[in-house]
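This is model_1.pdb. It holds PDB, C-alpha atoms and all ligand atoms.
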ATOM      1  CA  MET F   1     134.686 118.035 118.658
ATOM      2  CA  ARG F   2     131.063 118.517 119.582
ATOM      3  CA  ALA F   3     128.754 115.550 119.530
ATOM      4  CA  GLU F   4     125.826 115.472 117.099
ATOM      5  CA  PRO F   5     122.572 116.625 118.675
ATOM      6  CA  ALA F   6     120.915 113.727 120.443
ATOM      7  CA  PRO F   7     118.072 112.074 118.536
ATOM      8  CA  VAL F   8     114.596 113.088 119.567
ATOM      9  CA  ALA F   9     113.839 111.342 122.816
ATOM     10  CA  THR F  10     110.692 109.284 123.160
ATOM     11  CA  PRO F  11     108.751 110.266 126.276
ATOM     12  CA  ALA F  12     109.361 107.795 129.060
ATOM     13  CA  GLY F  13     107.014 104.852 128.982
ATOM     14  CA  ALA F  14     105.564 105.677 125.578
ATOM     15  CA  ARG F  15     106.093 103.655 122.445
ATOM     16  CA  ALA F  16     107.796 105.266 119.476
ATOM     17  CA  THR F  17     105.889 108.288 118.320
ATOM     18  CA  VAL F  18     104.590 108.990 114.833
ATOM     19  CA  ALA F  19     104.287 112.723 115.317
ATOM     20  CA  GLU F  20     104.640 115.217 118.112
ATOM     21  CA  LEU F  21     103.985 118.836 118.937
ATOM     22  CA  ARG F  22     106.393 119.997 121.611
ATOM     23  CA  ASN F  23     105.715 123.216 123.502
ATOM     24  CA  VAL F  24     104.199 124.822 120.443
ATOM     25  CA  TRP F  25     103.188 128.480 120.474
ATOM     26  CA  LEU F  26     101.564 130.140 117.514
ATOM     27  CA  SER F  27     100.195 133.619 116.996
ATOM     28  CA  PHE F  28      98.533 135.164 113.971
ATOM     29  CA  ASN F  29      99.129 138.918 113.825
ATOM     30  CA  GLU F  30      99.942 139.033 117.555
ATOM     31  CA  LYS F  31      96.795 137.070 118.365
ATOM     32  CA  PRO F  32      97.726 133.893 120.247
ATOM     33  CA  VAL F  33      96.079 130.768 118.786
ATOM     34  CA  LEU F  34      98.142 127.986 120.372
ATOM     35  CA  GLU F  35      99.852 128.412 123.736
ATOM     36  CA  ASP F  36     102.360 125.808 124.836
ATOM     37  CA  VAL F  37     100.626 122.882 123.148
ATOM     38  CA  SER F  38     102.318 119.495 123.528
ATOM     39  CA  LEU F  39     100.816 116.404 121.985
ATOM     40  CA  VAL F  40     102.222 112.991 121.124
ATOM     41  CA  VAL F  41     100.724 110.812 118.387
ATOM     42  CA  ARG F  42     101.335 107.100 118.862
ATOM     43  CA  PRO F  43     101.448 104.355 116.219
ATOM     44  CA  GLU F  44      98.101 103.087 114.961
ATOM     45  CA  GLU F  45      96.014 105.213 117.271
ATOM     46  CA  ARG F  46      93.047 107.337 116.235
ATOM     47  CA  LEU F  47      93.665 110.526 118.143
ATOM     48  CA  VAL F  48      90.619 112.780 118.114
ATOM     49  CA  ILE F  49      91.160 116.470 118.773
ATOM     50  CA  ILE F  50      87.997 118.197 119.927
ATOM     51  CA  GLY F  51      87.294 121.838 120.624
ATOM     52  CA  GLN F  52      85.097 124.741 119.653
ATOM     53  CA  SER F  53      85.236 126.407 116.271
ATOM     54  CA  GLY F  54      88.283 128.652 116.255
ATOM     55  CA  ALA F  55      90.038 126.642 118.969
ATOM     56  CA  GLY F  56      93.007 125.950 116.679
ATOM     57  CA  LYS F  57      92.268 122.383 115.538
ATOM     58  CA  THR F  58      92.878 122.891 111.815
ATOM     59  CA  THR F  59      95.942 124.953 112.697
ATOM     60  CA  ILE F  60      97.469 121.897 114.401
ATOM     61  CA  LEU F  61      96.989 119.856 111.210
ATOM     62  CA  ARG F  62      98.579 122.619 109.113
ATOM     63  CA  LEU F  63     101.558 122.714 111.471
ATOM     64  CA  LEU F  64     102.031 118.956 111.091
ATOM     65  CA  LEU F  65     102.004 119.307 107.310
ATOM     66  CA  GLY F  66     104.584 122.079 107.502
ATOM     67  CA  ILE F  67     102.192 124.546 105.855
ATOM     68  CA  LEU F  68     102.524 126.740 108.950
ATOM     69  CA  ALA F  69     105.541 127.151 111.185
ATOM     70  CA  PRO F  70     105.209 127.609 114.965
ATOM     71  CA  THR F  71     106.172 130.887 116.599
ATOM     72  CA  ARG F  72     107.950 128.818 119.250
ATOM     73  CA  GLY F  73     108.383 125.096 119.863
ATOM     74  CA  SER F  74     108.851 122.105 117.579
ATOM     75  CA  ILE F  75     106.798 119.816 115.368
ATOM     76  CA  PHE F  76     108.075 116.331 114.660
ATOM     77  CA  PHE F  77     107.062 113.702 112.152
ATOM     78  CA  ARG F  78     108.973 110.454 112.540
ATOM     79  CA  GLN F  79     111.553 112.238 114.728
ATOM     80  CA  ARG F  80     112.222 114.920 112.112
ATOM     81  CA  ASP F  81     111.625 118.560 112.884
ATOM     82  CA  VAL F  82     109.081 119.627 110.271
ATOM     83  CA  ALA F  83     109.699 123.358 110.729
ATOM     84  CA  HIS F  84     113.369 123.074 109.772
ATOM     85  CA  LEU F  85     113.347 121.076 106.558
ATOM     86  CA  SER F  86     114.293 122.012 103.021
ATOM     87  CA  ALA F  87     111.520 122.162 100.433
ATOM     88  CA  ASP F  88     112.603 118.739  99.108
ATOM     89  CA  GLU F  89     112.641 117.151 102.550
ATOM     90  CA  LEU F  90     109.243 118.627 103.309
ATOM     91  CA  ARG F  91     107.818 117.197 100.082
ATOM     92  CA  GLU F  92     109.257 113.820 101.037
ATOM     93  CA  ILE F  93     107.585 113.996 104.466
ATOM     94  CA  ARG F  94     104.260 115.173 103.063
ATOM     95  CA  ALA F  95     104.151 112.141 100.802
ATOM     96  CA  HIS F  96     103.803 110.081 104.000
ATOM     97  CA  ILE F  97     100.973 112.180 105.418
ATOM     98  CA  GLY F  98      97.484 112.003 103.946
ATOM     99  CA  MET F  99      95.193 114.963 104.486
ATOM    100  CA  VAL F 100      91.426 114.743 104.212
ATOM    101  CA  TYR F 101      90.267 118.326 103.896
ATOM    102  CA  GLN F 102      87.030 119.530 105.394
ATOM    103  CA  ASP F 103      85.563 120.392 101.977
ATOM    104  CA  ALA F 104      87.382 117.519 100.201
ATOM    105  CA  ALA F 105      89.262 120.138  98.099
ATOM    106  CA  LEU F 106      88.612 118.299  94.824
ATOM    107  CA  LEU F 107      89.544 119.842  91.502
ATOM    108  CA  SER F 108      86.230 120.764  89.947
ATOM    109  CA  SER F 109      87.388 120.251  86.355
ATOM    110  CA  ARG F 110      88.539 116.670  86.983
ATOM    111  CA  ASN F 111      86.394 113.617  87.544
ATOM    112  CA  VAL F 112      86.733 111.349  90.568
ATOM    113  CA  ARG F 113      89.310 109.071  88.955
ATOM    114  CA  GLU F 114      91.427 111.994  87.768
ATOM    115  CA  ASN F 115      91.317 113.610  91.218
ATOM    116  CA  LEU F 116      92.568 110.403  92.821
ATOM    117  CA  ALA F 117      95.288 109.900  90.229
ATOM    118  CA  LEU F 118      96.688 113.399  90.665
ATOM    119  CA  PRO F 119      99.002 112.821  93.681
ATOM    120  CA  LEU F 120     100.382 109.683  92.021
ATOM    121  CA  GLU F 121     101.016 111.540  88.758
ATOM    122  CA  GLU F 122     102.692 114.460  90.481
ATOM    123  CA  LEU F 123     104.646 112.764  93.253
ATOM    124  CA  THR F 124     105.583 109.338  91.882
ATOM    125  CA  ARG F 125     106.983 107.770  88.730
ATOM    126  CA  LYS F 126     104.298 105.109  88.561
ATOM    127  CA  THR F 127     103.052 103.990  85.160
ATOM    128  CA  ARG F 128      99.483 104.519  83.965
ATOM    129  CA  PRO F 129      98.453 100.874  84.605
ATOM    130  CA  GLU F 130      99.927 101.043  88.129
ATOM    131  CA  ILE F 131      98.100 104.294  88.827
ATOM    132  CA  ASP F 132      94.832 102.866  87.513
ATOM    133  CA  ARG F 133      95.211  99.804  89.710
ATOM    134  CA  ILE F 134      95.858 101.872  92.861
ATOM    135  CA  VAL F 135      92.952 104.207  92.099
ATOM    136  CA  ASP F 136      90.625 101.223  91.578
ATOM    137  CA  GLU F 137      91.764  99.697  94.845
ATOM    138  CA  LYS F 138      91.115 102.883  96.843
ATOM    139  CA  LEU F 139      87.743 103.456  95.156
ATOM    140  CA  GLU F 140      86.791  99.946  96.182
ATOM    141  CA  LEU F 141      87.837 100.664  99.790
ATOM    142  CA  VAL F 142      85.515 103.658 100.031
ATOM    143  CA  GLU F 143      82.771 101.845  98.100
ATOM    144  CA  LEU F 144      82.809 104.152  95.114
ATOM    145  CA  ARG F 145      83.756 101.712  92.389
ATOM    146  CA  GLY F 146      81.675 102.583  89.346
ATOM    147  CA  ASP F 147      81.435 106.246  90.354
ATOM    148  CA  ASP F 148      84.891 107.077  89.024
ATOM    149  CA  LYS F 149      83.658 109.099  86.043
ATOM    150  CA  LEU F 150      81.479 111.448  88.097
ATOM    151  CA  MET F 151      82.457 115.104  88.316
ATOM    152  CA  PRO F 152      82.771 116.724  91.772
ATOM    153  CA  PHE F 153      79.544 118.737  91.318
ATOM    154  CA  GLU F 154      77.653 115.471  90.819
ATOM    155  CA  LEU F 155      78.677 114.081  94.216
ATOM    156  CA  SER F 156      76.596 114.118  97.391
ATOM    157  CA  GLY F 157      78.209 115.406 100.600
ATOM    158  CA  GLY F 158      78.966 111.895 101.809
ATOM    159  CA  MET F 159      80.442 110.889  98.447
ATOM    160  CA  ARG F 160      82.700 113.967  98.436
ATOM    161  CA  LYS F 161      84.047 112.996 101.849
ATOM    162  CA  ARG F 162      84.701 109.461 100.609
ATOM    163  CA  VAL F 163      86.528 110.715  97.504
ATOM    164  CA  GLY F 164      88.632 112.975  99.745
ATOM    165  CA  LEU F 165      89.401 109.963 101.915
ATOM    166  CA  ALA F 166      90.332 107.777  98.943
ATOM    167  CA  ARG F 167      92.611 110.498  97.606
ATOM    168  CA  ALA F 168      94.416 110.669 100.959
ATOM    169  CA  LEU F 169      94.956 106.893 100.752
ATOM    170  CA  VAL F 170      96.511 106.629  97.272
ATOM    171  CA  MET F 171      99.995 107.484  98.549
ATOM    172  CA  GLU F 172      99.780 104.793 101.268
ATOM    173  CA  PRO F 173     100.416 107.324 104.062
ATOM    174  CA  GLU F 174     101.677 106.459 107.533
ATOM    175  CA  LEU F 175      99.589 109.198 109.070
ATOM    176  CA  ILE F 176      96.193 110.462 107.940
ATOM    177  CA  LEU F 177      94.821 113.796 109.094
ATOM    178  CA  PHE F 178      91.061 114.217 108.956
ATOM    179  CA  ASP F 179      89.644 117.712 109.243
ATOM    180  CA  GLU F 180      86.011 117.528 110.361
ATOM    181  CA  PRO F 181      85.251 114.386 108.333
ATOM    182  CA  THR F 182      81.569 114.358 109.272
ATOM    183  CA  ALA F 183      80.781 118.080 109.433
ATOM    184  CA  GLY F 184      77.696 118.940 107.422
ATOM    185  CA  LEU F 185      76.547 115.341 106.966
ATOM    186  CA  ASP F 186      73.289 113.868 108.210
ATOM    187  CA  PRO F 187      73.554 111.492 111.203
ATOM    188  CA  VAL F 188      73.282 108.291 109.162
ATOM    189  CA  ILE F 189      75.920 109.285 106.617
ATOM    190  CA  SER F 190      78.108 110.536 109.472
ATOM    191  CA  ALA F 191      77.963 107.107 111.077
ATOM    192  CA  VAL F 192      78.852 105.496 107.726
ATOM    193  CA  ILE F 193      81.900 107.771 107.333
ATOM    194  CA  ASP F 194      82.977 107.108 110.922
ATOM    195  CA  GLU F 195      82.742 103.350 110.330
ATOM    196  CA  LEU F 196      84.771 103.739 107.164
ATOM    197  CA  ILE F 197      87.472 105.669 109.035
ATOM    198  CA  ILE F 198      87.609 102.975 111.709
ATOM    199  CA  ASN F 199      87.788 100.129 109.172
ATOM    200  CA  LEU F 200      90.340 101.751 106.895
ATOM    201  CA  THR F 201      92.701 102.782 109.675
ATOM    202  CA  THR F 202      92.409  99.428 111.437
ATOM    203  CA  ASN F 203      92.899  97.325 108.307
ATOM    204  CA  SER F 204      95.846  99.284 106.981
ATOM    205  CA  LYS F 205      97.379  99.848 110.456
ATOM    206  CA  VAL F 206      97.675 103.544 109.704
ATOM    207  CA  THR F 207      97.850 106.225 112.400
ATOM    208  CA  SER F 208      95.297 109.011 112.286
ATOM    209  CA  ILE F 209      94.389 112.339 113.801
ATOM    210  CA  ILE F 210      90.750 113.309 113.500
ATOM    211  CA  VAL F 211      89.693 116.858 114.219
ATOM    212  CA  THR F 212      86.035 117.387 115.023
ATOM    213  CA  HIS F 213      83.625 119.489 117.013
ATOM    214  CA  LEU F 214      80.962 116.750 116.851
ATOM    215  CA  MET F 215      80.907 114.672 120.026
ATOM    216  CA  GLU F 216      79.043 111.687 118.632
ATOM    217  CA  SER F 217      81.672 111.209 115.909
ATOM    218  CA  ALA F 218      84.481 111.834 118.389
ATOM    219  CA  PHE F 219      83.384 109.077 120.739
ATOM    220  CA  ARG F 220      82.696 106.684 117.879
ATOM    221  CA  VAL F 221      86.145 106.835 116.324
ATOM    222  CA  ALA F 222      88.560 107.838 119.107
ATOM    223  CA  THR F 223      91.076 105.504 120.644
ATOM    224  CA  ARG F 224      92.381 108.566 122.504
ATOM    225  CA  MET F 225      91.222 112.165 122.753
ATOM    226  CA  ALA F 226      92.597 115.628 123.415
ATOM    227  CA  MET F 227      90.550 118.753 123.995
ATOM    228  CA  LEU F 228      91.766 122.138 122.847
ATOM    229  CA  HIS F 229      90.344 125.192 124.588
ATOM    230  CA  ARG F 230      91.569 128.776 124.314
ATOM    231  CA  GLY F 231      94.831 127.657 122.769
ATOM    232  CA  ARG F 232      95.677 124.985 125.302
ATOM    233  CA  ILE F 233      95.166 121.229 125.679
ATOM    234  CA  ILE F 234      92.922 121.100 128.733
ATOM    235  CA  LEU F 235      92.433 117.316 128.801
ATOM    236  CA  GLU F 236      94.055 114.370 127.090
ATOM    237  CA  GLY F 237      93.146 110.747 127.671
ATOM    238  CA  LEU F 238      90.891 107.832 126.839
ATOM    239  CA  PRO F 239      87.288 108.487 125.794
ATOM    240  CA  ASN F 240      86.194 107.288 129.240
ATOM    241  CA  ASP F 241      88.420 109.883 130.906
ATOM    242  CA  PHE F 242      86.431 112.520 129.027
ATOM    243  CA  LYS F 243      83.105 111.025 130.033
ATOM    244  CA  ALA F 244      84.274 110.929 133.658
ATOM    245  CA  SER F 245      85.713 114.461 133.668
ATOM    246  CA  TYR F 246      84.393 117.067 136.087
ATOM    247  CA  ASP F 247      86.182 119.915 134.294
ATOM    248  CA  PRO F 248      83.319 122.363 133.679
ATOM    249  CA  VAL F 249      84.584 123.201 130.171
ATOM    250  CA  VAL F 250      84.772 119.525 129.190
ATOM    251  CA  VAL F 251      81.404 118.775 130.745
ATOM    252  CA  GLN F 252      79.760 121.664 128.915
ATOM    253  CA  PHE F 253      81.356 120.827 125.580
ATOM    254  CA  LEU F 254      80.389 117.161 125.783
ATOM    255  CA  SER F 255      76.810 117.955 126.718
ATOM    256  CA  GLY F 256      76.427 120.829 124.255
ATOM    257  CA  SER F 257      74.857 122.900 127.006
ATOM    258  CA  THR F 258      74.578 126.679 126.746
ATOM    259  CA  GLU F 259      75.143 126.891 130.510
ATOM    260  CA  GLY F 260      78.763 126.872 131.624
ATOM    261  CA  PRO F 261      82.106 128.583 131.283
ATOM    262  CA  ILE F 262      82.563 128.233 127.516
ATOM    263  CA  LEU F 263      80.425 131.154 126.393
ATOM    264  CA  GLU F 264      81.416 133.489 129.208
ATOM    265  CA  ARG F 265      84.389 135.067 127.498
ATOM    266  CA  SER F 266      84.052 133.858 123.951
ATOM    267  CA  LYS F 267      80.440 134.596 123.056
ATOM    268  CA  TYR F 268      81.322 136.690 120.038
ATOM    269  CA  HIS F 269      84.088 134.360 118.971
ATOM    270  CA  MET F 270      81.618 131.471 118.899
ATOM    271  CA  LEU F 271      79.298 133.385 116.647
ATOM    272  CA  SER F 272      81.969 134.279 114.098
ATOM    273  CA  PRO F 273      81.292 132.790 110.659
ATOM    274  CA  GLY F 274      83.094 129.744 109.376
ATOM    275  CA  ASP F 275      84.653 126.836 111.175
TER     276      ASP F 275
HETATM  277  N1  LIG G   1      96.110 132.033 108.274
HETATM  278  C1  LIG G   1      95.506 132.624 109.316
HETATM  279  N2  LIG G   1      95.659 133.958 109.546
HETATM  280  C2  LIG G   1      95.096 134.569 110.602
HETATM  281  N3  LIG G   1      94.327 133.929 111.505
HETATM  282  C3  LIG G   1      94.120 132.623 111.350
HETATM  283  C4  LIG G   1      94.692 131.885 110.238
HETATM  284  N4  LIG G   1      94.322 130.588 110.334
HETATM  285  C5  LIG G   1      93.550 130.500 111.438
HETATM  286  N5  LIG G   1      93.425 131.697 112.047
HETATM  287  C6  LIG G   1      92.690 131.970 113.308
HETATM  288  O1  LIG G   1      93.192 131.044 114.270
HETATM  289  C7  LIG G   1      92.142 130.550 115.079
HETATM  290  C8  LIG G   1      92.117 129.042 114.999
HETATM  291  O2  LIG G   1      91.695 128.648 113.704
HETATM  292  P1  LIG G   1      91.477 127.127 113.289
HETATM  293  O3  LIG G   1      92.686 126.340 113.588
HETATM  294  O4  LIG G   1      91.004 127.145 111.877
HETATM  295  O5  LIG G   1      90.307 126.703 114.280
HETATM  296  P2  LIG G   1      89.376 125.401 114.271
HETATM  297  O6  LIG G   1      89.850 124.489 113.180
HETATM  298  O7  LIG G   1      89.530 124.811 115.642
HETATM  299  O8  LIG G   1      87.975 125.879 114.044
HETATM  300  C9  LIG G   1      90.876 131.225 114.596
HETATM  301  O9  LIG G   1      90.634 132.319 115.429
HETATM  302  C10 LIG G   1      91.215 131.656 113.198
HETATM  303  O10 LIG G   1      90.479 132.778 112.851
HETATM  304 MG    MG G   2      88.843 123.856 111.493
END
Kindly present the structure from the file in structure tokens form.
Ligand SMILES: Nc1ncnc2c1ncn2[C@@H]1O[C@H](COP(=O)(O)OP(=O)(O)O)[C@@H](O)[C@H]1O
Ligand SMILES: [Mg+2]
Amino acid sequence: MRAEPAPVATPAGARATVAELRNVWLSFNEKPVLEDVSLVVRPEERLVIIGQSGAGKTTILRLLLGILAPTRGSIFFRQRDVAHLSADELREIRAHIGMVYQDAALLSSRNVRENLALPLEELTRKTRPEIDRIVDEKLELVELRGDDKLMPFELSGGMRKRVGLARALVMEPELILFDEPTAGLDPVISAVIDELIINLTTNSKVTSIIVTHLMESAFRVATRMAMLHRGRIILEGLPNDFKASYDPVVVQFLSGSTEGPILERSKYHMLSPGD
């Protein structure tokens, strides 16, 4: 009789992992987007993934949520291979992962309270008073108590981001994925959102992955960083490792300089619309 497959091994020396990409390759219509990407997410860290627009950052988050499947390689959440789950198992896993979308992805016909209540209504059997209590608690956390009756069109950019954050929190996730949480915000509001991310993740001991192309935000919130460039992780380490790096791509990206290797082959790519 053959033995069961061995459980997913934890890399030597590392603590248990929350999520992992292992030798992941992904192409869209023959165009390679990720090439042999491996990344381990450790408990309670704030892992910031940086890289140019189009580098594949959002794609990594979509792989973790099981919205996309890799062409090759494996994606794990809590030791379970996300790409090979039934629809029910995937729903179960997604209930433990909070996603804060770049544009907040709020339902325009529902007010703030109704948007926050939605995951609880759809994914749990909680009663109305329980749902109301959880929604109030999360609104308080993002300092939006009293704004619960506002409609999405009435919200400022910073408020939208906070509602998106609160909605990701209502299910008490183990892992929160933030897609460009400060993109499009002014510097002061960006700093407020970054502080909020730090406080919320620290207080609730939740693990997070934050995707951003904004260096100031990256260095503010990161406990660890990884840089994605042309489909590969070119550097992974502590924020200080990035500041000390001599890799010309890292140096150019951190300084925002137009001089360097980044534009040489990807000038037109950089100028393509959208993030
Ligand atoms: N569903 C898709 N179909 C085809 N191409 C896609 C799709 N999603 C993303 N891409 C392409 O993959 C690349 C990486 O996209 P993305 O992960 O959104 O980058 P980032 O978030 O780093 O800006 C881009 O070139 C983008 O155009
Ligand atoms: Mg993106």
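Note that the spacing between CA of Leu169 (chain F) and CA of Lys138 (chain F) amounts to 6.8 Å.
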Quiz item: Pick from F:Glu121, F:Glu45, F:Glu180, F:Asp88: nearest to ligand MG 2 (chain G), with all atoms listed in the file counted?
Solution: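 That would be F:Glu180, the residue with the smallest distance to ligand MG 2 (chain G).
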Quiz prompt | the PyMOL selection byres (((chain F and resi 122-129) around 12) and not hetatm) applied to the shown file, residues as a PyMOL selection string | solution = chain F and resi 88+91-96+114-121+130-136+170-172
Exercise. Would you translate the PyMOL selection byres (((not hetatm)) within 7 of (chain G and resi 1)) into the concrete set of residues it matches in this file, as a ChimeraX atom specification?
Key: /F:28-29,33,51-60,275
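You will find CA of Asp241 (chain F) at 24.7 Å from CA of Pro187 (chain F).
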Self-check item: Computed interatomic separation between CA of Ser257 (chain F) and CA of Ser245 (chain F) (Å)
Solution: 15.3 Å
Exercise. Report as a ChimeraX atom specification the full result of the PyMOL selection byres (((chain F and resi 230) around 8) and not hetatm) when it is applied to this structure.
Key: /F:33-34,55,228-229,231-232
Exercise. Please provide the set of residues having any atom within 10 Å of Phe178 (chain F), restricted to only C-alpha atoms, with same-chain residues fewer than 6 positions apart removed, written as a count of residues only.
Key: 17
Exercise. Have a look at F:His213, F:Arg46, F:Lys31, F:Arg80 and name the one nearest to Ala19 (chain F); count all atoms listed in the file.
Key: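 Between F:His213, F:Arg46, F:Lys31, F:Arg80, the residue approaching Ala19 (chain F) most closely is F:Arg80.
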Exercise. Check the smallest atom-to-atom distance from each of F:Pro261, F:Asn203, F:Phe219, F:Asp103 to ligand MG 2 (chain G) using all atoms listed in the file, then report the winner.
Key: F:Asp103
Exercise. Measuring atom to atom with all atoms listed in the file, identify which of F:Leu263, F:Ile50, F:Leu139, F:Met225 is nearest to ligand MG 2 (chain G).
Key: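 Selected residue with least distance to ligand MG 2 (chain G): F:Ile50.
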Quiz prompt | Nearest-residue call for Pro248 (chain F), choices F:Asp81, F:Asn23, F:Ser109, F:Gly260, using all atoms listed in the file | solution =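 Nearest candidate to Pro248 (chain F) out of F:Asp81, F:Asn23, F:Ser109, F:Gly260: F:Gly260.
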Quiz item: Of the candidates F:Leu64, F:Ile176, F:Phe153, F:Ala183, which one gets nearest to ligand MG 2 (chain G) if we count only C-alpha atoms and all ligand atoms?
Solution: F:Ala183
Exercise. Give as number ranges by chain every residue, naming chains and numbers as the document does, that has an atom within 9 Å of (107.9, 120.3, 115.0), counting only C-alpha atoms.
Key: F: 19-22, 24, 63-64, 66, 69-70, 73-77, 79-84
